[in-house]
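Reviewing the structure listed below.
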Amino acid sequence: MIQILMPLISRLTSTVTKTRRLYYVYEICNFLKDKRYVRLITLENYMLSLKDQYHNTFLKLIDKTGEMTTQHAFYRYIKLSAELGLIKIIRNSIENTVDGQILSNLNDNNSMPFILPYPVKIFLLKLILEKDFDYITVLLYLSKIDQVTYSKFKQELEKKILIEPMNIINVDILNELRSWSSPKRYFRENIYAPRRSWLIDLDIASPVGKSRLIFRRDKNYLTKIMELSKKEMLYDYFNTKFIEDTSKYYFPNKRFQLYKYLNTKIQSNLVYAYLDNIFSRFNIVSDRISSKLFFNYTSIMLMYKDEIIAEKIDLENALLKISINSNYRYRPVTEQTITGEIIDTGYITKYR
């Protein structure tokens, strides 16, 4: 049995040339939706059955890499899903985490195999920026200047890490970078190849030949991401600007309303509507949900379905207001991990 890491992981460490298609991560969470303690062998049989079901569709893709055809590939995708914080393993059983529940509910009835719905793209982009910040932002920069080589990657990654406060994660990255055997090949197959395909799946880039990329939309958005420090990304940008910037990137021709400028009654009604929807849609069996679930699901779906931009800080302020006189109570809680990261462990309780 392959070793599955704990779900609370600060970075991706197991990407290989086989883990190229984010659609399989999405499909894993979809299969686990509303289920508890699914046996790994049950999930494995289902995922490998997709090879015959979706093979002809796969052959029509522009980027024909990363098809799951073997048990080994299945376990690689399981490990990637765990490191993204989407699933958790309990002995030989598996189930979605809170983030996995979110992903499986951001579906689109019109979605096609290997074509991710836009809400899914946005949430996966956020998770990858969170869990793979150093690697993915360096590769975005090198792709932008069309110089994706191991030597440039090593140079830019060390430069990026060394200007930030040193911590367990940064030391781990530097040690890993300097320990690769056959570093050029390792970089090409296990670092660049999967992330190149992820950027294609996320509709951020298009392939040119076997290795190059061209960006599909506004490069200013990507430039902003590349210039942020990890601390700025996690504790400022994700809370105050991510939804607005991402909406402009994916939907440049839409005109969105800003939640913070709506009148108070409309703001409250929207929060109530989404809370009610989450407690029914997510098959919640208790009277409590993670506030992280509410913030991520609501902000993405408000943008996608209602064309309203609501950042986490906007929704948190609204929750604090309605908690005074409603049957919902929000309790903000944060905890610090051993790697120094601050995580949201708050919750919302529904009183009958």
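Chain labels follow the order of the structure tokens: the first chain is A, the next B, and so on; residue numbering restarts at 1 in every chain, and ligands are counted from 1 in their shown order.
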Would you mind listing, for every residue of region 26-111 of chain A within 12 Å of region 196-210 of chain A, the two atoms forming the shortest contact and the distance between them in Å to one decimal, using only C-alpha atoms, sorted by chain and ascending residue number, as JSON lines?
{"residue": "A:Tyr26", "atom": "CA", "partner": "A:Asp201", "partner_atom": "CA", "distance": 11.5}
{"residue": "A:Leu61", "atom": "CA", "partner": "A:Asp201", "partner_atom": "CA", "distance": 10.3}
{"residue": "A:Ile62", "atom": "CA", "partner": "A:Pro207", "partner_atom": "CA", "distance": 7.8}
{"residue": "A:Asp63", "atom": "CA", "partner": "A:Pro207", "partner_atom": "CA", "distance": 7.2}
{"residue": "A:Lys64", "atom": "CA", "partner": "A:Ser197", "partner_atom": "CA", "distance": 9.4}
{"residue": "A:Thr65", "atom": "CA", "partner": "A:Ser197", "partner_atom": "CA", "distance": 7.8}
{"residue": "A:Gly66", "atom": "CA", "partner": "A:Ser197", "partner_atom": "CA", "distance": 8.4}
{"residue": "A:Glu67", "atom": "CA", "partner": "A:Ser197", "partner_atom": "CA", "distance": 11.6}
Report the closest atom pair, with its distance in Å rounded to one decimal, for each residue of region 276-296 of chain A that has an atom no farther than 12 Å from region 231-249 of chain A; count only C-alpha atoms, sort by chain and then rising residue number, and write it as JSON lines.
{"residue": "A:Lys292", "atom": "CA", "partner": "A:Asn239", "partner_atom": "CA", "distance": 11.5}
{"residue": "A:Phe295", "atom": "CA", "partner": "A:Asn239", "partner_atom": "CA", "distance": 9.6}
{"residue": "A:Asn296", "atom": "CA", "partner": "A:Ile243", "partner_atom": "CA", "distance": 9.8}
For the residues in that selection, give me C-alpha atoms as a CSV table (one decimal), in the first residue's frame.
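File produced: part.csv:
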chain,number,residue,atom,x,y,z
A,292,LYS,CA,-14.0,27.7,5.5
A,295,PHE,CA,-16.5,31.3,2.5
A,296,ASN,CA,-15.0,29.3,-0.4
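Take the candidates A:Pro113, A:Tyr297, A:Ser93, A:Lys88 and check each one against Tyr54 (chain A) using only C-alpha atoms; the shortest distance goes to A:Pro113.
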Practice problem: Can you pull out every residue within 12 Å of region 132-134 of chain A, counting only C-alpha atoms, but drop anything in the same chain fewer than 4 positions away, and send it as a PyMOL selection string? | Solution: chain A and resi 9-15+80+83-85+124-128+138-141+153-154+156-162+164+169-170+172-174+177+191+195+198+225-234
Dump of N, CA and C atoms for the selected residues, as a compact mmCIF listing (two decimals), in the first residue's frame:
# COMPACT_ATOMS: atom_id res chain seq x y z
N ILE A 9 -1.26 19.36 4.75
CA ILE A 9 0.06 19.40 4.15
C ILE A 9 0.27 20.79 3.57
N SER A 10 1.46 21.33 3.76
CA SER A 10 1.71 22.70 3.36
C SER A 10 2.19 22.85 1.94
N ARG A 11 2.62 21.75 1.30
CA ARG A 11 3.10 21.86 -0.06
C ARG A 11 2.98 20.51 -0.77
N LEU A 12 3.04 20.55 -2.10
CA LEU A 12 2.98 19.34 -2.90
C LEU A 12 4.38 18.75 -3.03
N THR A 13 4.49 17.46 -2.73
CA THR A 13 5.81 16.80 -2.78
C THR A 13 5.83 15.57 -3.67
N SER A 14 4.68 15.14 -4.17
CA SER A 14 4.64 13.85 -4.88
C SER A 14 4.23 13.97 -6.34
N THR A 15 4.37 15.16 -6.94
CA THR A 15 4.00 15.29 -8.34
C THR A 15 4.99 14.52 -9.21
N LEU A 80 -1.71 12.87 -4.73
CA LEU A 80 -1.84 14.28 -5.11
C LEU A 80 -3.09 14.88 -4.48
N GLU A 83 -2.48 15.53 -0.85
CA GLU A 83 -1.60 16.67 -0.61
C GLU A 83 -2.28 17.99 -0.92
N LEU A 84 -3.26 17.99 -1.81
CA LEU A 84 -4.05 19.18 -2.06
C LEU A 84 -5.06 19.42 -0.94
N GLY A 85 -5.16 18.47 -0.01
CA GLY A 85 -6.08 18.61 1.13
C GLY A 85 -7.51 18.27 0.79
N LEU A 124 -9.54 25.01 -7.68
CA LEU A 124 -8.28 24.28 -7.83
C LEU A 124 -7.11 25.24 -8.00
N LEU A 125 -7.32 26.33 -8.72
CA LEU A 125 -6.26 27.33 -8.85
C LEU A 125 -5.87 27.86 -7.48
N LYS A 126 -6.86 28.14 -6.65
CA LYS A 126 -6.57 28.64 -5.30
C LYS A 126 -5.80 27.62 -4.49
N LEU A 127 -6.21 26.36 -4.55
CA LEU A 127 -5.53 25.31 -3.79
C LEU A 127 -4.09 25.12 -4.26
N ILE A 128 -3.87 25.18 -5.56
CA ILE A 128 -2.52 25.00 -6.10
C ILE A 128 -1.63 26.18 -5.73
N VAL A 138 7.14 30.34 -9.83
CA VAL A 138 8.40 30.39 -10.59
C VAL A 138 8.17 29.88 -12.02
N LEU A 139 7.41 28.80 -12.16
CA LEU A 139 7.15 28.28 -13.50
C LEU A 139 6.29 29.22 -14.33
N LEU A 140 5.37 29.93 -13.70
CA LEU A 140 4.59 30.96 -14.42
C LEU A 140 5.53 32.04 -14.96
N TYR A 141 6.46 32.46 -14.12
CA TYR A 141 7.41 33.49 -14.54
C TYR A 141 8.29 33.00 -15.69
N PHE A 153 15.15 27.55 -13.46
CA PHE A 153 14.22 27.22 -12.38
C PHE A 153 14.93 27.23 -11.03
N LYS A 154 16.08 26.56 -10.95
CA LYS A 154 16.85 26.50 -9.71
C LYS A 154 17.27 27.91 -9.27
N GLU A 156 15.89 30.89 -10.06
CA GLU A 156 14.75 31.73 -9.65
C GLU A 156 14.11 31.23 -8.36
N LEU A 157 14.06 29.91 -8.18
CA LEU A 157 13.45 29.36 -6.97
C LEU A 157 14.30 29.72 -5.75
N GLU A 158 15.60 29.55 -5.84
CA GLU A 158 16.47 29.91 -4.71
C GLU A 158 16.38 31.40 -4.41
N LYS A 159 16.32 32.21 -5.44
CA LYS A 159 16.20 33.66 -5.24
C LYS A 159 14.89 33.98 -4.51
N LYS A 160 13.81 33.34 -4.94
CA LYS A 160 12.49 33.61 -4.36
C LYS A 160 12.45 33.19 -2.89
N ILE A 161 13.00 32.02 -2.59
CA ILE A 161 12.94 31.50 -1.23
C ILE A 161 13.83 32.30 -0.29
N LEU A 162 15.02 32.64 -0.74
CA LEU A 162 15.99 33.27 0.14
C LEU A 162 15.64 34.71 0.52
N GLU A 164 12.62 35.50 1.46
CA GLU A 164 11.55 35.38 2.43
C GLU A 164 12.10 34.82 3.74
N ILE A 169 9.30 24.84 5.73
CA ILE A 169 8.95 24.55 4.35
C ILE A 169 10.07 24.98 3.40
N ASN A 170 10.59 26.20 3.59
CA ASN A 170 11.63 26.69 2.71
C ASN A 170 12.91 25.86 2.79
N ASP A 172 13.01 22.73 3.57
CA ASP A 172 12.67 21.47 2.93
C ASP A 172 12.78 21.59 1.41
N ILE A 173 12.29 22.69 0.85
CA ILE A 173 12.34 22.90 -0.60
C ILE A 173 13.79 22.97 -1.07
N LEU A 174 14.61 23.74 -0.37
CA LEU A 174 16.01 23.88 -0.77
C LEU A 174 16.75 22.54 -0.68
N LEU A 177 15.56 20.37 -3.59
CA LEU A 177 16.10 20.86 -4.86
C LEU A 177 17.54 20.40 -5.08
N ILE A 191 8.49 17.90 -12.25
CA ILE A 191 8.14 19.24 -11.79
C ILE A 191 7.40 20.01 -12.88
N ARG A 195 2.80 20.34 -13.97
CA ARG A 195 2.30 21.70 -13.77
C ARG A 195 1.97 22.37 -15.10
N TRP A 198 -1.42 21.17 -15.76
CA TRP A 198 -2.40 21.81 -14.87
C TRP A 198 -2.77 23.19 -15.40
N ILE A 225 0.21 37.79 -9.40
CA ILE A 225 0.41 36.59 -8.61
C ILE A 225 1.90 36.29 -8.44
N MET A 226 2.65 36.44 -9.52
CA MET A 226 4.09 36.14 -9.48
C MET A 226 4.83 37.06 -8.52
N GLU A 227 4.34 38.28 -8.36
CA GLU A 227 5.06 39.28 -7.56
C GLU A 227 4.71 39.22 -6.08
N LEU A 228 3.68 38.48 -5.71
CA LEU A 228 3.29 38.37 -4.31
C LEU A 228 4.21 37.43 -3.55
N SER A 229 4.44 37.71 -2.28
CA SER A 229 5.09 36.74 -1.41
C SER A 229 4.03 35.74 -0.97
N LYS A 230 4.47 34.61 -0.43
CA LYS A 230 3.50 33.61 0.02
C LYS A 230 2.65 34.17 1.16
N LYS A 231 3.26 34.94 2.05
CA LYS A 231 2.51 35.53 3.15
C LYS A 231 1.44 36.48 2.63
N GLU A 232 1.79 37.31 1.64
CA GLU A 232 0.80 38.22 1.05
C GLU A 232 -0.32 37.45 0.38
N MET A 233 0.03 36.34 -0.29
CA MET A 233 -0.97 35.53 -0.98
C MET A 233 -1.97 34.93 0.02
N LEU A 234 -1.45 34.29 1.06
CA LEU A 234 -2.30 33.54 1.98
C LEU A 234 -3.14 34.43 2.88
Practice problem: Enumerate the residues of region 94-230 of chain A with a DSSP assignment of helix (DSSP H, G or I), computed from the backbone, and present them as a ChimeraX atom specification. | Solution: /A:98-105,118-131,133-144,150-162,168-177,183-201,219-227,230
Output of the above residues as a PDB file, in the first residue's frame, restricted to C-alpha atoms:
ATOM      1  CA  VAL A  98     -14.049  19.918   3.741  1.00  0.00           C
ATOM      2  CA  ASP A  99     -12.188  21.072   0.612  1.00  0.00           C
ATOM      3  CA  GLY A 100     -13.136  17.852  -1.164  1.00  0.00           C
ATOM      4  CA  GLN A 101     -16.775  18.484  -0.267  1.00  0.00           C
ATOM      5  CA  ILE A 102     -16.491  21.989  -1.709  1.00  0.00           C
ATOM      6  CA  LEU A 103     -14.917  20.741  -4.937  1.00  0.00           C
ATOM      7  CA  SER A 104     -17.531  18.036  -5.464  1.00  0.00           C
ATOM      8  CA  ASN A 105     -20.337  20.588  -5.086  1.00  0.00           C
ATOM      9  CA  TYR A 118     -15.198  27.216 -14.203  1.00  0.00           C
ATOM     10  CA  PRO A 119     -16.014  27.119 -10.450  1.00  0.00           C
ATOM     11  CA  VAL A 120     -13.824  24.012 -10.182  1.00  0.00           C
ATOM     12  CA  LYS A 121     -10.991  25.704 -12.077  1.00  0.00           C
ATOM     13  CA  ILE A 122     -11.101  28.663  -9.721  1.00  0.00           C
ATOM     14  CA  PHE A 123     -11.068  26.556  -6.549  1.00  0.00           C
ATOM     15  CA  LEU A 124      -8.284  24.282  -7.828  1.00  0.00           C
ATOM     16  CA  LEU A 125      -6.259  27.330  -8.853  1.00  0.00           C
ATOM     17  CA  LYS A 126      -6.570  28.643  -5.302  1.00  0.00           C
ATOM     18  CA  LEU A 127      -5.527  25.308  -3.792  1.00  0.00           C
ATOM     19  CA  ILE A 128      -2.521  24.996  -6.104  1.00  0.00           C
ATOM     20  CA  LEU A 129      -1.393  28.545  -5.341  1.00  0.00           C
ATOM     21  CA  GLU A 130      -1.750  27.730  -1.644  1.00  0.00           C
ATOM     22  CA  LYS A 131      -0.045  24.311  -1.659  1.00  0.00           C
ATOM     23  CA  PHE A 133       3.148  28.520  -4.291  1.00  0.00           C
ATOM     24  CA  ASP A 134       6.921  28.488  -4.822  1.00  0.00           C
ATOM     25  CA  TYR A 135       7.066  26.026  -7.715  1.00  0.00           C
ATOM     26  CA  ILE A 136       4.003  27.233  -9.627  1.00  0.00           C
ATOM     27  CA  THR A 137       4.801  30.956  -9.421  1.00  0.00           C
ATOM     28  CA  VAL A 138       8.399  30.392 -10.594  1.00  0.00           C
ATOM     29  CA  LEU A 139       7.147  28.277 -13.497  1.00  0.00           C
ATOM     30  CA  LEU A 140       4.595  30.960 -14.416  1.00  0.00           C
ATOM     31  CA  TYR A 141       7.410  33.491 -14.543  1.00  0.00           C
ATOM     32  CA  LEU A 142       9.710  31.275 -16.619  1.00  0.00           C
ATOM     33  CA  SER A 143       6.871  30.406 -19.020  1.00  0.00           C
ATOM     34  CA  LYS A 144       6.117  34.085 -19.422  1.00  0.00           C
ATOM     35  CA  TYR A 150      16.287  23.449 -14.897  1.00  0.00           C
ATOM     36  CA  SER A 151      19.112  25.966 -14.411  1.00  0.00           C
ATOM     37  CA  LYS A 152      16.733  28.957 -14.642  1.00  0.00           C
ATOM     38  CA  PHE A 153      14.216  27.219 -12.378  1.00  0.00           C
ATOM     39  CA  LYS A 154      16.849  26.504  -9.710  1.00  0.00           C
ATOM     40  CA  GLN A 155      18.163  30.061  -9.929  1.00  0.00           C
ATOM     41  CA  GLU A 156      14.751  31.731  -9.651  1.00  0.00           C
ATOM     42  CA  LEU A 157      13.454  29.365  -6.971  1.00  0.00           C
ATOM     43  CA  GLU A 158      16.470  29.910  -4.713  1.00  0.00           C
ATOM     44  CA  LYS A 159      16.199  33.659  -5.241  1.00  0.00           C
ATOM     45  CA  LYS A 160      12.494  33.606  -4.356  1.00  0.00           C
ATOM     46  CA  ILE A 161      12.940  31.502  -1.231  1.00  0.00           C
ATOM     47  CA  LEU A 162      15.992  33.272   0.140  1.00  0.00           C
ATOM     48  CA  ILE A 168      10.568  24.540   7.781  1.00  0.00           C
ATOM     49  CA  ILE A 169       8.952  24.551   4.346  1.00  0.00           C
ATOM     50  CA  ASN A 170      11.634  26.691   2.706  1.00  0.00           C
ATOM     51  CA  VAL A 171      14.446  24.591   4.180  1.00  0.00           C
ATOM     52  CA  ASP A 172      12.666  21.467   2.925  1.00  0.00           C
ATOM     53  CA  ILE A 173      12.345  22.898  -0.597  1.00  0.00           C
ATOM     54  CA  LEU A 174      16.008  23.876  -0.767  1.00  0.00           C
ATOM     55  CA  ASN A 175      17.160  20.493   0.534  1.00  0.00           C
ATOM     56  CA  GLU A 176      14.914  18.698  -1.950  1.00  0.00           C
ATOM     57  CA  LEU A 177      16.095  20.859  -4.857  1.00  0.00           C
ATOM     58  CA  PRO A 183      18.217  17.015 -11.897  1.00  0.00           C
ATOM     59  CA  LYS A 184      17.486  18.130 -15.483  1.00  0.00           C
ATOM     60  CA  ARG A 185      15.451  15.017 -16.202  1.00  0.00           C
ATOM     61  CA  TYR A 186      13.748  15.072 -12.789  1.00  0.00           C
ATOM     62  CA  PHE A 187      12.763  18.702 -13.288  1.00  0.00           C
ATOM     63  CA  ARG A 188      11.457  18.105 -16.805  1.00  0.00           C
ATOM     64  CA  GLU A 189       9.380  15.023 -15.963  1.00  0.00           C
ATOM     65  CA  ASN A 190       8.246  15.487 -12.363  1.00  0.00           C
ATOM     66  CA  ILE A 191       8.142  19.241 -11.787  1.00  0.00           C
ATOM     67  CA  TYR A 192       7.445  20.973 -15.082  1.00  0.00           C
ATOM     68  CA  ALA A 193       5.422  18.346 -17.001  1.00  0.00           C
ATOM     69  CA  PRO A 194       2.537  17.974 -14.510  1.00  0.00           C
ATOM     70  CA  ARG A 195       2.300  21.702 -13.771  1.00  0.00           C
ATOM     71  CA  ARG A 196       2.358  22.559 -17.470  1.00  0.00           C
ATOM     72  CA  SER A 197      -0.686  20.313 -17.942  1.00  0.00           C
ATOM     73  CA  TRP A 198      -2.400  21.810 -14.867  1.00  0.00           C
ATOM     74  CA  LEU A 199      -2.071  25.301 -16.357  1.00  0.00           C
ATOM     75  CA  ILE A 200      -3.668  23.975 -19.542  1.00  0.00           C
ATOM     76  CA  ASP A 201      -6.503  22.283 -17.599  1.00  0.00           C
ATOM     77  CA  LYS A 219      -0.928  38.627 -18.272  1.00  0.00           C
ATOM     78  CA  ASN A 220      -1.333  41.380 -15.672  1.00  0.00           C
ATOM     79  CA  TYR A 221      -3.275  38.964 -13.460  1.00  0.00           C
ATOM     80  CA  LEU A 222      -0.488  36.406 -13.621  1.00  0.00           C
ATOM     81  CA  THR A 223       2.151  39.081 -13.095  1.00  0.00           C
ATOM     82  CA  LYS A 224       0.400  40.173  -9.895  1.00  0.00           C
ATOM     83  CA  ILE A 225       0.411  36.587  -8.606  1.00  0.00           C
ATOM     84  CA  MET A 226       4.090  36.135  -9.478  1.00  0.00           C
ATOM     85  CA  GLU A 227       5.060  39.277  -7.562  1.00  0.00           C
ATOM     86  CA  LYS A 230       3.503  33.610   0.020  1.00  0.00           C
TER      87      LYS A 230
END
Quiz prompt | CA of Asn269 (chain A) to CA of Asp287 (chain A), distance in Å rounded to a single decimal | solution = 20.0 Å
Quiz item: Rounded to one decimal in Å, what is the spacing between CA of Leu50 (chain A) and CA of Met68 (chain A)?
Solution: 8.3 Å
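Close contacts of Asn327 (chain A), defined as residues with an atom at most 10 Å away when counting only C-alpha atoms, with chain neighbours fewer than 6 positions off set aside, comprise A:Tyr272, A:Thr349, A:Lys350, A:Tyr351, A:Arg352.
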Exercise. Find the residues around Thr264 (chain A) up to 12 Å (only C-alpha atoms counted), leave out those fewer than 5 positions away in its own chain, and share them as a PyMOL selection string.
Key: chain A and resi 259+269-271+314-315+317-319+321-322
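Rounded to one decimal, CA of Ala273 (chain A) and CA of Lys35 (chain A) lie 24.7 Å from each other.
Closest approach to Lys260 (chain A) from the set A:His72, A:Thr17, A:Val148, A:Ile308 is made by A:Ile308, with distances taken over only C-alpha atoms.
Shortest separation to Thr97 (chain A) among A:Met47, A:Leu293, A:Phe251, A:Phe114 occurs at residue A:Leu293, atoms counted being only C-alpha atoms.
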List every residue of region 125-304 of chain A that DSSP, applied to the backbone of this structure, places in strand (DSSP E), and write the result as a PDB file with C-alpha atoms, in the first residue's frame.
ATOM      1  CA  ALA A 205      -2.235  28.542 -20.914  1.00  0.00           C
ATOM      2  CA  SER A 206      -2.244  26.743 -24.250  1.00  0.00           C
ATOM      3  CA  PRO A 207       0.448  24.271 -25.336  1.00  0.00           C
ATOM      4  CA  VAL A 208       2.926  25.120 -28.065  1.00  0.00           C
ATOM      5  CA  ARG A 212       6.250  25.508 -24.432  1.00  0.00           C
ATOM      6  CA  LEU A 213       3.201  27.449 -23.270  1.00  0.00           C
ATOM      7  CA  ILE A 214       1.444  30.634 -24.285  1.00  0.00           C
ATOM      8  CA  PHE A 215      -0.858  32.444 -21.879  1.00  0.00           C
ATOM      9  CA  GLN A 257     -21.606  43.880  -8.822  1.00  0.00           C
ATOM     10  CA  LEU A 258     -19.515  44.326  -5.690  1.00  0.00           C
ATOM     11  CA  ARG A 288     -22.463  22.924  12.365  1.00  0.00           C
ATOM     12  CA  ILE A 289     -20.383  23.619   9.230  1.00  0.00           C
ATOM     13  CA  SER A 290     -16.854  24.830   8.736  1.00  0.00           C
TER      14      SER A 290
END
